[in-house]
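**Student:** So that we are looking at the same thing, I have put the structure below in structure tokens.
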Amino acid sequence: MRAAVLRDYNSDLSIEDVAEPECPTDGVVLKVLACGICRSDWHGWSGEHPRVKPGQIGGHEYCGEVVEAGPDSQWQIGDRLVAPFILACGSCPSCQSGNQNTCPNQRLPGFVEPGAFAEYVAVPMDHNLARLPDSLSPTVAAGLGCRVTTSWHALTGRAALQGGEWLAVHGTGGIGLSAALLGRGLGAYVVVVDVVQEKLDHALGLGIDAAVNASDGDAAEKIREITGGGAHVSVEALGIPVTVNSSITCLRPLGRHVQVGMPVGHTAHMEINMSAVYQRNLALYGTRGMPSWRYPSLLGLITSGRVDMSPLIAREVVLSQTGAELAAFNGPTPPGVAVITDFTR
Ligand SMILES: [Zn+2]
Ligand SMILES: [Zn+2]
């Protein structure tokens with residue numbers, strides 16, 4: 001099968017013919033229908049992700065059709081499924097308590113196991129998978145493995161965002177724009193922050209209530225003005241010190257900061273304004289992924305029409321363009337995300 005393989009950090013992925021994956025006894029092999037290209041893939045490509053090594057086939061935001069099912073699989077050939085990027089064991093204390101995204105036995109196609117920058121991907125522990133609603137296109141569904149699910153869990157599973165509250169979103173890439181759209185879908189008021197005016201205009205065009213260009217000065221102060229005293233919930237979607245601190249200081253007393261962006265490399269340890277956390281009685285949440293039992297709530301919101309995730313998709317690309325898309329994350333990116341939909345070229 002054709003796959004895009006990481007051979008050297010920071011250089012184009014190598015398009016190669018590799019062996020098709022073996023089917024796990026407790027899982028399936030999916031023919032990949034669509035796979036998003038995510039900032040986490042870029043962390044792996046640039047050598048900053050602690051677990052991604054040369055030889056890796058990336059791609060963790062995928063959906064696909066079952067072409068082979070193991071003897072212990074619950075799925076049938078032809079089923080169209082979406083997988084969360086964290087595959088949990090289902091039996092450890094974390095899983096048993098409903099927190100599958102913190103499972104210590106987790107499997108990570110695209111980071112450790114071969115991922116979905118390929119025609120086929122093996123998915124073990126297939127109790128994590130969910131059936132794709134017929135009304136959802138694979139291109140839109142690809143984001144439901146990572147960006148959309150992570151945002152959904154950040155807002156509803158962690159910060160408990162309520163309708164009528166103000167949500168601030170720092171960084172409007174794939175995950176930030178997902179959080180903004182889902183926040184609107186939940187009935188919150190949303191203010192987005194970025195340094196790329198085109199992304200802010202795009203968000204405003206999608207019904208987001210307010211936008212702040214961080215290159216114009218103190219974004220946190222502007223948010224406190226817009227929201228009449230500060231946001232109730234703030235999502236940081238980049239993982240860098242300036243936006244983490246802006247996210248913390250844009251909150252009103254008792255506000256909730258959610259760390260969604262992944263701090264890696266030289267930003268893994270950073271200085272944050274702990275005085276503001278103390279003075280304003282703030283809560284700081286970390287979040288990563290989503291337990292798969294929460295898929296029905298998210299899919300229900302999307303299929304009900306209360307939120308349209310299709311504006312998230314900027315372009316469909318072919319497999320051989322994946323390396324160029326990763327390199328584009330080196331600088332400011334235009335609105336929306338790229339999804340691979342053709343794996344033959
Ligand atoms: Zn991702
Ligand atoms: Zn587990």
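Simple scheme: letters A, B, ... for chains in structure tokens order, numbers from 1 for residues in each chain, numbers from 1 for ligands in the order shown.
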Write down as a VMD selection string the residues belonging to range 93-314 of chain A that are assigned strand (DSSP E) by DSSP computed on the backbone.
**Tutor:** chain A and resid 120 to 123 130 to 131 166 to 170 189 to 194 210 to 213 231 to 236 251 to 259 283 to 286 313 to 314
**Student:** Find the nearest atom pair between each residue of chain A and ligand 1 for residues within 9 Å, count only C-alpha atoms and all ligand atoms, give distances in Å to one decimal, sort rows by chain and ascending number, and present the table as CSV.
**Tutor:**
residue,atom,partner,partner_atom_place_in_ligand_line,distance
A:Gly36,CA,ligand 1,1 (Zn),7.6
A:Ile37,CA,ligand 1,1 (Zn),7.2
A:Cys38,CA,ligand 1,1 (Zn),4.5
A:Arg39,CA,ligand 1,1 (Zn),6.3
A:Ser40,CA,ligand 1,1 (Zn),5.1
A:Asp41,CA,ligand 1,1 (Zn),6.7
A:Gly59,CA,ligand 1,1 (Zn),8.0
A:His60,CA,ligand 1,1 (Zn),6.2
A:Glu61,CA,ligand 1,1 (Zn),6.0
A:Phe85,CA,ligand 1,1 (Zn),7.5
A:Gly143,CA,ligand 1,1 (Zn),7.9
A:Gly145,CA,ligand 1,1 (Zn),7.4
A:Cys146,CA,ligand 1,1 (Zn),4.6
A:Arg147,CA,ligand 1,1 (Zn),5.5
A:Thr150,CA,ligand 1,1 (Zn),8.6
A:Gly174,CA,ligand 1,1 (Zn),8.7
A:Ile175,CA,ligand 1,1 (Zn),8.1
A:Gly289,CA,ligand 1,1 (Zn),8.9
**Student:** Let me see the file: selected residues, N, CA and C atoms, as a compact mmCIF listing (two decimals), in the first residue's frame.
**Tutor:**
# COMPACT_ATOMS: atom_id res chain seq x y z
N GLY A 36 -7.11 13.91 8.54
CA GLY A 36 -6.73 15.30 8.74
C GLY A 36 -5.23 15.42 8.99
N ILE A 37 -4.70 16.61 8.70
CA ILE A 37 -3.29 16.91 8.98
C ILE A 37 -3.30 17.95 10.09
N CYS A 38 -2.70 17.57 11.23
CA CYS A 38 -2.91 18.29 12.49
C CYS A 38 -1.58 18.86 12.99
N ARG A 39 -1.68 19.88 13.83
CA ARG A 39 -0.47 20.46 14.42
C ARG A 39 0.32 19.42 15.23
N SER A 40 -0.36 18.44 15.79
CA SER A 40 0.38 17.38 16.51
C SER A 40 1.25 16.57 15.56
N ASP A 41 0.78 16.38 14.31
CA ASP A 41 1.62 15.72 13.31
C ASP A 41 2.87 16.55 13.03
N GLY A 59 -0.46 10.52 11.10
CA GLY A 59 -1.89 10.53 10.76
C GLY A 59 -2.74 9.90 11.85
N HIS A 60 -3.41 10.75 12.63
CA HIS A 60 -4.19 10.24 13.77
C HIS A 60 -5.63 10.75 13.75
N GLU A 61 -6.00 11.48 12.69
CA GLU A 61 -7.37 12.02 12.61
C GLU A 61 -8.07 11.38 11.42
N PHE A 85 -8.10 9.46 18.71
CA PHE A 85 -6.66 9.24 18.49
C PHE A 85 -6.02 8.46 19.63
N GLY A 143 -11.93 15.06 11.30
CA GLY A 143 -11.56 15.87 12.46
C GLY A 143 -12.08 15.33 13.77
N GLY A 145 -11.54 12.62 15.05
CA GLY A 145 -10.59 11.76 15.76
C GLY A 145 -9.76 12.55 16.74
N CYS A 146 -9.64 13.85 16.51
CA CYS A 146 -8.70 14.62 17.33
C CYS A 146 -9.22 16.00 17.65
N ARG A 147 -9.25 16.88 16.65
CA ARG A 147 -9.48 18.29 16.97
C ARG A 147 -10.86 18.53 17.55
N THR A 150 -11.32 16.65 20.95
CA THR A 150 -10.54 17.29 22.02
C THR A 150 -11.21 18.57 22.48
N GLY A 174 -7.06 24.54 13.66
CA GLY A 174 -8.12 23.52 13.61
C GLY A 174 -8.82 23.33 14.95
N ILE A 175 -8.04 23.22 16.00
CA ILE A 175 -8.63 22.92 17.30
C ILE A 175 -9.32 24.15 17.88
N GLY A 289 -7.43 14.69 24.29
CA GLY A 289 -8.33 13.68 23.74
C GLY A 289 -9.68 13.68 24.39
**Student:** Select from chain A every residue with an atom at most 12 Å from any atom of ligand 2, then for each give the shortest pair of atoms and their distance in Å to one decimal, using only C-alpha atoms and all ligand atoms, rows by chain and rising number, as a Markdown table.
**Tutor:**
| residue | atom | partner | partner_atom_place_in_ligand_line | distance |
| --- | --- | --- | --- | --- |
| A:Ile86 | CA | ligand 2 | 1 (Zn) | 10.4 |
| A:Leu87 | CA | ligand 2 | 1 (Zn) | 8.7 |
| A:Ala88 | CA | ligand 2 | 1 (Zn) | 4.9 |
| A:Cys89 | CA | ligand 2 | 1 (Zn) | 3.9 |
| A:Gly90 | CA | ligand 2 | 1 (Zn) | 4.7 |
| A:Ser91 | CA | ligand 2 | 1 (Zn) | 5.2 |
| A:Cys92 | CA | ligand 2 | 1 (Zn) | 4.1 |
| A:Pro93 | CA | ligand 2 | 1 (Zn) | 6.6 |
| A:Ser94 | CA | ligand 2 | 1 (Zn) | 5.6 |
| A:Cys95 | CA | ligand 2 | 1 (Zn) | 4.4 |
| A:Gln96 | CA | ligand 2 | 1 (Zn) | 7.4 |
| A:Ser97 | CA | ligand 2 | 1 (Zn) | 9.4 |
| A:Gly98 | CA | ligand 2 | 1 (Zn) | 9.3 |
| A:Asn99 | CA | ligand 2 | 1 (Zn) | 8.3 |
| A:Gln100 | CA | ligand 2 | 1 (Zn) | 5.9 |
| A:Asn101 | CA | ligand 2 | 1 (Zn) | 8.3 |
| A:Thr102 | CA | ligand 2 | 1 (Zn) | 7.5 |
| A:Cys103 | CA | ligand 2 | 1 (Zn) | 4.0 |
| A:Pro104 | CA | ligand 2 | 1 (Zn) | 5.9 |
| A:Asn105 | CA | ligand 2 | 1 (Zn) | 5.4 |
| A:Gln106 | CA | ligand 2 | 1 (Zn) | 6.5 |
| A:Arg107 | CA | ligand 2 | 1 (Zn) | 9.8 |
| A:Met125 | CA | ligand 2 | 1 (Zn) | 10.2 |
| A:His127 | CA | ligand 2 | 1 (Zn) | 11.7 |
| A:Asn128 | CA | ligand 2 | 1 (Zn) | 10.9 |
| A:Pro291 | CA | ligand 2 | 1 (Zn) | 10.5 |
| A:Ser292 | CA | ligand 2 | 1 (Zn) | 11.8 |
**Student:** Can you write just those residues out, N, CA, C and O atoms, as a CSV table (one decimal), in the first residue's frame?
**Tutor:**
chain,number,residue,atom,x,y,z
A,86,ILE,N,-6.7,8.5,20.8
A,86,ILE,CA,-6.2,7.7,21.9
A,86,ILE,C,-7.0,6.4,22.0
A,86,ILE,O,-8.3,6.5,22.2
A,87,LEU,N,-6.4,5.2,21.8
A,87,LEU,CA,-7.2,4.0,21.9
A,87,LEU,C,-6.9,3.4,23.3
A,87,LEU,O,-5.8,3.2,23.6
A,88,ALA,N,-8.0,3.3,24.0
A,88,ALA,CA,-7.8,2.9,25.5
A,88,ALA,C,-8.1,1.4,25.6
A,88,ALA,O,-8.9,0.8,24.9
A,89,CYS,N,-7.6,0.8,26.7
A,89,CYS,CA,-7.6,-0.6,26.9
A,89,CYS,C,-9.0,-1.1,27.3
A,89,CYS,O,-9.5,-2.2,27.0
A,90,GLY,N,-9.8,-0.2,28.0
A,90,GLY,CA,-11.1,-0.6,28.4
A,90,GLY,C,-11.2,-1.3,29.8
A,90,GLY,O,-12.3,-1.4,30.3
A,91,SER,N,-10.1,-1.8,30.3
A,91,SER,CA,-10.2,-2.6,31.5
A,91,SER,C,-9.5,-2.0,32.8
A,91,SER,O,-9.7,-2.5,33.9
A,92,CYS,N,-8.6,-1.0,32.6
A,92,CYS,CA,-7.8,-0.5,33.7
A,92,CYS,C,-8.7,0.4,34.6
A,92,CYS,O,-9.8,0.7,34.2
A,93,PRO,N,-8.2,0.8,35.7
A,93,PRO,CA,-9.0,1.7,36.6
A,93,PRO,C,-9.4,3.0,35.9
A,93,PRO,O,-10.6,3.5,36.1
A,94,SER,N,-8.5,3.6,35.1
A,94,SER,CA,-8.9,4.8,34.4
A,94,SER,C,-10.1,4.6,33.4
A,94,SER,O,-11.0,5.3,33.4
A,95,CYS,N,-10.0,3.5,32.7
A,95,CYS,CA,-11.0,3.2,31.7
A,95,CYS,C,-12.3,2.8,32.4
A,95,CYS,O,-13.4,3.3,32.0
A,96,GLN,N,-12.2,2.1,33.5
A,96,GLN,CA,-13.4,1.6,34.2
A,96,GLN,C,-14.1,2.8,34.9
A,96,GLN,O,-15.3,2.8,35.1
A,97,SER,N,-13.4,3.9,35.2
A,97,SER,CA,-14.0,5.1,35.7
A,97,SER,C,-14.4,6.1,34.7
A,97,SER,O,-14.9,7.2,35.0
A,98,GLY,N,-14.3,5.7,33.4
A,98,GLY,CA,-14.8,6.5,32.3
A,98,GLY,C,-13.9,7.5,31.8
A,98,GLY,O,-14.2,8.4,30.9
A,99,ASN,N,-12.6,7.4,32.2
A,99,ASN,CA,-11.6,8.4,31.8
A,99,ASN,C,-10.6,7.7,30.8
A,99,ASN,O,-9.4,7.7,31.1
A,100,GLN,N,-11.1,7.2,29.7
A,100,GLN,CA,-10.3,6.4,28.8
A,100,GLN,C,-9.2,7.2,28.2
A,100,GLN,O,-8.2,6.6,27.8
A,101,ASN,N,-9.3,8.5,28.1
A,101,ASN,CA,-8.3,9.3,27.5
A,101,ASN,C,-7.0,9.4,28.4
A,101,ASN,O,-6.0,9.9,28.0
A,102,THR,N,-7.1,8.9,29.7
A,102,THR,CA,-5.9,8.9,30.5
A,102,THR,C,-5.5,7.4,30.8
A,102,THR,O,-4.7,7.2,31.7
A,103,CYS,N,-5.9,6.5,29.9
A,103,CYS,CA,-5.6,5.1,30.1
A,103,CYS,C,-4.0,4.9,30.0
A,103,CYS,O,-3.4,5.4,29.0
A,104,PRO,N,-3.4,4.3,30.9
A,104,PRO,CA,-2.0,4.1,30.9
A,104,PRO,C,-1.5,3.0,29.8
A,104,PRO,O,-0.4,3.0,29.5
A,105,ASN,N,-2.5,2.2,29.3
A,105,ASN,CA,-2.2,1.2,28.3
A,105,ASN,C,-2.5,1.7,26.9
A,105,ASN,O,-2.7,0.9,26.0
A,106,GLN,N,-2.7,3.0,26.7
A,106,GLN,CA,-3.2,3.5,25.5
A,106,GLN,C,-2.3,3.2,24.3
A,106,GLN,O,-1.1,3.1,24.4
A,107,ARG,N,-3.0,3.0,23.1
A,107,ARG,CA,-2.2,2.8,21.8
A,107,ARG,C,-2.5,4.0,21.0
A,107,ARG,O,-3.6,4.6,21.0
A,125,MET,N,-8.0,-2.6,19.7
A,125,MET,CA,-8.9,-2.2,20.8
A,125,MET,C,-10.1,-1.5,20.2
A,125,MET,O,-10.4,-0.3,20.5
A,127,HIS,N,-13.2,-1.4,20.5
A,127,HIS,CA,-14.4,-0.9,21.2
A,127,HIS,C,-14.3,0.6,21.4
A,127,HIS,O,-15.3,1.2,21.8
A,128,ASN,N,-13.2,1.2,21.0
A,128,ASN,CA,-13.0,2.7,21.0
A,128,ASN,C,-13.7,3.3,19.8
A,128,ASN,O,-13.9,4.5,19.9
A,291,PRO,N,-12.7,10.6,26.0
A,291,PRO,CA,-13.1,9.2,26.1
A,291,PRO,C,-14.1,8.9,25.1
A,291,PRO,O,-15.0,9.7,24.8
A,292,SER,N,-14.0,7.7,24.5
A,292,SER,CA,-14.9,7.4,23.3
A,292,SER,C,-16.4,7.3,23.6
A,292,SER,O,-17.2,7.5,22.8
**Student:** Skip range 153-157 of chain A itself and residues of its chain fewer than 4 positions away, then list as a ChimeraX atom specification all residues within 7 Å of it, counting only C-alpha atoms.
**Tutor:** /A:149,161,258,287,290
**Student:** To one decimal in Å, tell me the separation between CA of Ser215 in chain A and CA of Leu312 in chain A.
**Tutor:** 23.4 Å
**Student:** Can you tell me, as a short mmCIF file (atom, residue, chain, number, x, y, z; two decimals) with all heavy atoms, in the first residue's frame, what residues are no more than 9 Å from Leu186 in chain A when counting only C-alpha atoms, ignoring any on the same chain fewer than 5 positions away?
**Tutor:**
data_model
loop_
_atom_site.label_atom_id
_atom_site.label_comp_id
_atom_site.auth_asym_id
_atom_site.auth_seq_id
_atom_site.Cartn_x
_atom_site.Cartn_y
_atom_site.Cartn_z
N LEU A 161 -18.65 24.31 30.17
CA LEU A 161 -19.13 25.57 29.59
C LEU A 161 -20.66 25.56 29.53
O LEU A 161 -21.28 24.58 29.11
CB LEU A 161 -18.56 25.73 28.17
CG LEU A 161 -19.00 26.99 27.42
CD1 LEU A 161 -18.36 28.24 28.02
CD2 LEU A 161 -18.62 26.88 25.94
N GLN A 162 -21.26 26.68 29.95
CA GLN A 162 -22.72 26.81 29.96
C GLN A 162 -23.18 27.83 28.92
O GLN A 162 -22.46 28.79 28.63
CB GLN A 162 -23.19 27.30 31.35
CG GLN A 162 -22.74 26.44 32.51
CD GLN A 162 -23.29 25.03 32.44
OE1 GLN A 162 -24.50 24.83 32.26
NE2 GLN A 162 -22.41 24.04 32.55
N GLY A 163 -24.38 27.64 28.38
CA GLY A 163 -24.99 28.64 27.51
C GLY A 163 -25.04 29.98 28.22
O GLY A 163 -25.29 30.02 29.43
N GLY A 164 -24.77 31.06 27.48
CA GLY A 164 -24.80 32.39 28.08
C GLY A 164 -23.48 32.84 28.67
O GLY A 164 -23.31 34.02 28.96
N LEU A 181 -16.63 27.03 17.28
CA LEU A 181 -17.90 26.62 16.67
C LEU A 181 -18.73 25.80 17.66
O LEU A 181 -19.95 25.98 17.76
CB LEU A 181 -17.63 25.79 15.40
CG LEU A 181 -17.00 26.56 14.23
CD1 LEU A 181 -16.58 25.60 13.12
CD2 LEU A 181 -17.96 27.62 13.69
N LEU A 301 -25.02 16.43 18.57
CA LEU A 301 -25.04 17.89 18.35
C LEU A 301 -24.83 18.19 16.87
O LEU A 301 -25.49 19.06 16.29
CB LEU A 301 -23.94 18.56 19.18
CG LEU A 301 -23.91 20.09 19.14
CD1 LEU A 301 -24.98 20.68 20.05
CD2 LEU A 301 -22.54 20.63 19.54
N ARG A 306 -27.32 21.62 14.89
CA ARG A 306 -27.08 22.78 15.77
C ARG A 306 -25.69 23.35 15.58
O ARG A 306 -25.41 24.48 15.94
CB ARG A 306 -27.30 22.40 17.24
CG ARG A 306 -28.77 22.48 17.64
CD ARG A 306 -29.01 21.85 19.00
NE ARG A 306 -28.30 22.53 20.07
CZ ARG A 306 -27.95 21.94 21.21
NH1 ARG A 306 -28.25 20.67 21.43
NH2 ARG A 306 -27.33 22.62 22.15
N VAL A 307 -24.79 22.55 15.03
CA VAL A 307 -23.46 23.08 14.72
C VAL A 307 -22.98 22.43 13.43
O VAL A 307 -23.21 21.24 13.19
CB VAL A 307 -22.48 22.84 15.90
CG1 VAL A 307 -22.34 21.38 16.24
CG2 VAL A 307 -21.12 23.44 15.61
#
**Student:** Give the answer as one residue: which of A:Val193, A:Val18, A:Met309, A:Leu129 has the shortest atom-to-atom distance to Leu206 in chain A, using only C-alpha atoms?
**Tutor:**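 Of the candidates, the smallest distance to Leu206 in chain A is held by A:Met309.
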**Student:** Quick one: residues within 7 Å of range 113-116 of chain A, only C-alpha atoms counted, chain neighbours fewer than 5 positions away excluded, as a list of chain:residue names?
**Tutor:** A:Val32, A:Cys35, A:Gln56, A:Ile57, A:Gly58, A:Gly59, A:His60, A:Tyr62, A:Leu108, A:Val121
**Student:** Since we have the selection now, will you write its residues out, keeping N, CA and C atoms, as an mmCIF file, in the first residue's frame?
**Tutor:**
data_model
loop_
_atom_site.group_PDB
_atom_site.id
_atom_site.type_symbol
_atom_site.label_atom_id
_atom_site.label_comp_id
_atom_site.auth_asym_id
_atom_site.auth_seq_id
_atom_site.Cartn_x
_atom_site.Cartn_y
_atom_site.Cartn_z
ATOM 1 N N VAL A 32 -8.583 3.786 4.659
ATOM 2 C CA VAL A 32 -8.722 5.165 5.132
ATOM 3 C C VAL A 32 -9.509 5.977 4.097
ATOM 4 N N CYS A 35 -8.116 11.625 6.182
ATOM 5 C CA CYS A 35 -7.255 11.817 7.357
ATOM 6 C C CYS A 35 -6.832 13.275 7.422
ATOM 7 N N GLN A 56 8.229 6.575 11.234
ATOM 8 C CA GLN A 56 6.824 6.670 11.618
ATOM 9 C C GLN A 56 5.935 7.022 10.426
ATOM 10 N N ILE A 57 4.803 6.350 10.345
ATOM 11 C CA ILE A 57 3.717 6.801 9.470
ATOM 12 C C ILE A 57 2.769 7.584 10.367
ATOM 13 N N GLY A 58 2.648 8.892 10.120
ATOM 14 C CA GLY A 58 1.806 9.751 10.951
ATOM 15 C C GLY A 58 0.336 9.588 10.593
ATOM 16 N N GLY A 59 -0.463 10.524 11.102
ATOM 17 C CA GLY A 59 -1.889 10.533 10.764
ATOM 18 C C GLY A 59 -2.735 9.902 11.847
ATOM 19 N N HIS A 60 -3.412 10.750 12.633
ATOM 20 C CA HIS A 60 -4.195 10.239 13.770
ATOM 21 C C HIS A 60 -5.630 10.748 13.747
ATOM 22 N N TYR A 62 -8.464 10.144 11.578
ATOM 23 C CA TYR A 62 -8.911 9.391 10.404
ATOM 24 C C TYR A 62 -10.293 8.794 10.614
ATOM 25 N N LEU A 108 -1.472 4.431 20.239
ATOM 26 C CA LEU A 108 -1.525 5.708 19.527
ATOM 27 C C LEU A 108 -1.106 5.575 18.062
ATOM 28 N N VAL A 121 -5.054 1.413 7.644
ATOM 29 C CA VAL A 121 -4.513 1.554 8.992
ATOM 30 C C VAL A 121 -5.112 0.451 9.872
#
**Student:** List as a Markdown table every residue of range 143-253 of chain A that is in contact with range 332-341 of chain A, defined as an atom at most 9 Å from one of its atoms (using only C-alpha atoms), together with the nearest atom pair and the distance in Å rounded to one decimal, sorted by chain and then rising number.
**Tutor:**
| residue | atom | partner | partner_atom | distance |
| --- | --- | --- | --- | --- |
| A:Gly143 | CA | A:Val339 | CA | 8.5 |
| A:Thr172 | CA | A:Pro335 | CA | 7.7 |
| A:Gly173 | CA | A:Gly336 | CA | 6.5 |
| A:Gly174 | CA | A:Val337 | CA | 5.8 |
| A:Leu177 | CA | A:Gly336 | CA | 7.8 |
| A:Val195 | CA | A:Pro332 | CA | 8.1 |
| A:Val196 | CA | A:Pro332 | CA | 7.0 |
| A:Glu198 | CA | A:Pro335 | CA | 6.9 |
| A:Lys199 | CA | A:Pro335 | CA | 4.8 |
| A:Leu200 | CA | A:Pro335 | CA | 8.4 |
| A:His202 | CA | A:Pro335 | CA | 6.8 |
| A:Ala203 | CA | A:Pro335 | CA | 8.5 |
**Student:** Could you write out the selected residues, including C-alpha atoms, as a PDB file, in the first residue's frame?
**Tutor:**
ATOM      1  CA  GLY A 143     -11.556  15.874  12.457  1.00  0.00           C
ATOM      2  CA  THR A 172      -7.863  29.721  15.691  1.00  0.00           C
ATOM      3  CA  GLY A 173      -6.212  26.791  13.947  1.00  0.00           C
ATOM      4  CA  GLY A 174      -8.121  23.524  13.614  1.00  0.00           C
ATOM      5  CA  LEU A 177     -11.879  26.992  15.411  1.00  0.00           C
ATOM      6  CA  VAL A 195      -2.460  37.179  14.895  1.00  0.00           C
ATOM      7  CA  VAL A 196      -3.736  36.377  11.383  1.00  0.00           C
ATOM      8  CA  GLU A 198      -7.816  36.522   7.731  1.00  0.00           C
ATOM      9  CA  LYS A 199      -8.523  33.832  10.331  1.00  0.00           C
ATOM     10  CA  LEU A 200     -10.360  36.304  12.561  1.00  0.00           C
ATOM     11  CA  HIS A 202     -13.216  33.888   8.730  1.00  0.00           C
ATOM     12  CA  ALA A 203     -14.391  33.186  12.287  1.00  0.00           C
TER      13      ALA A 203
END
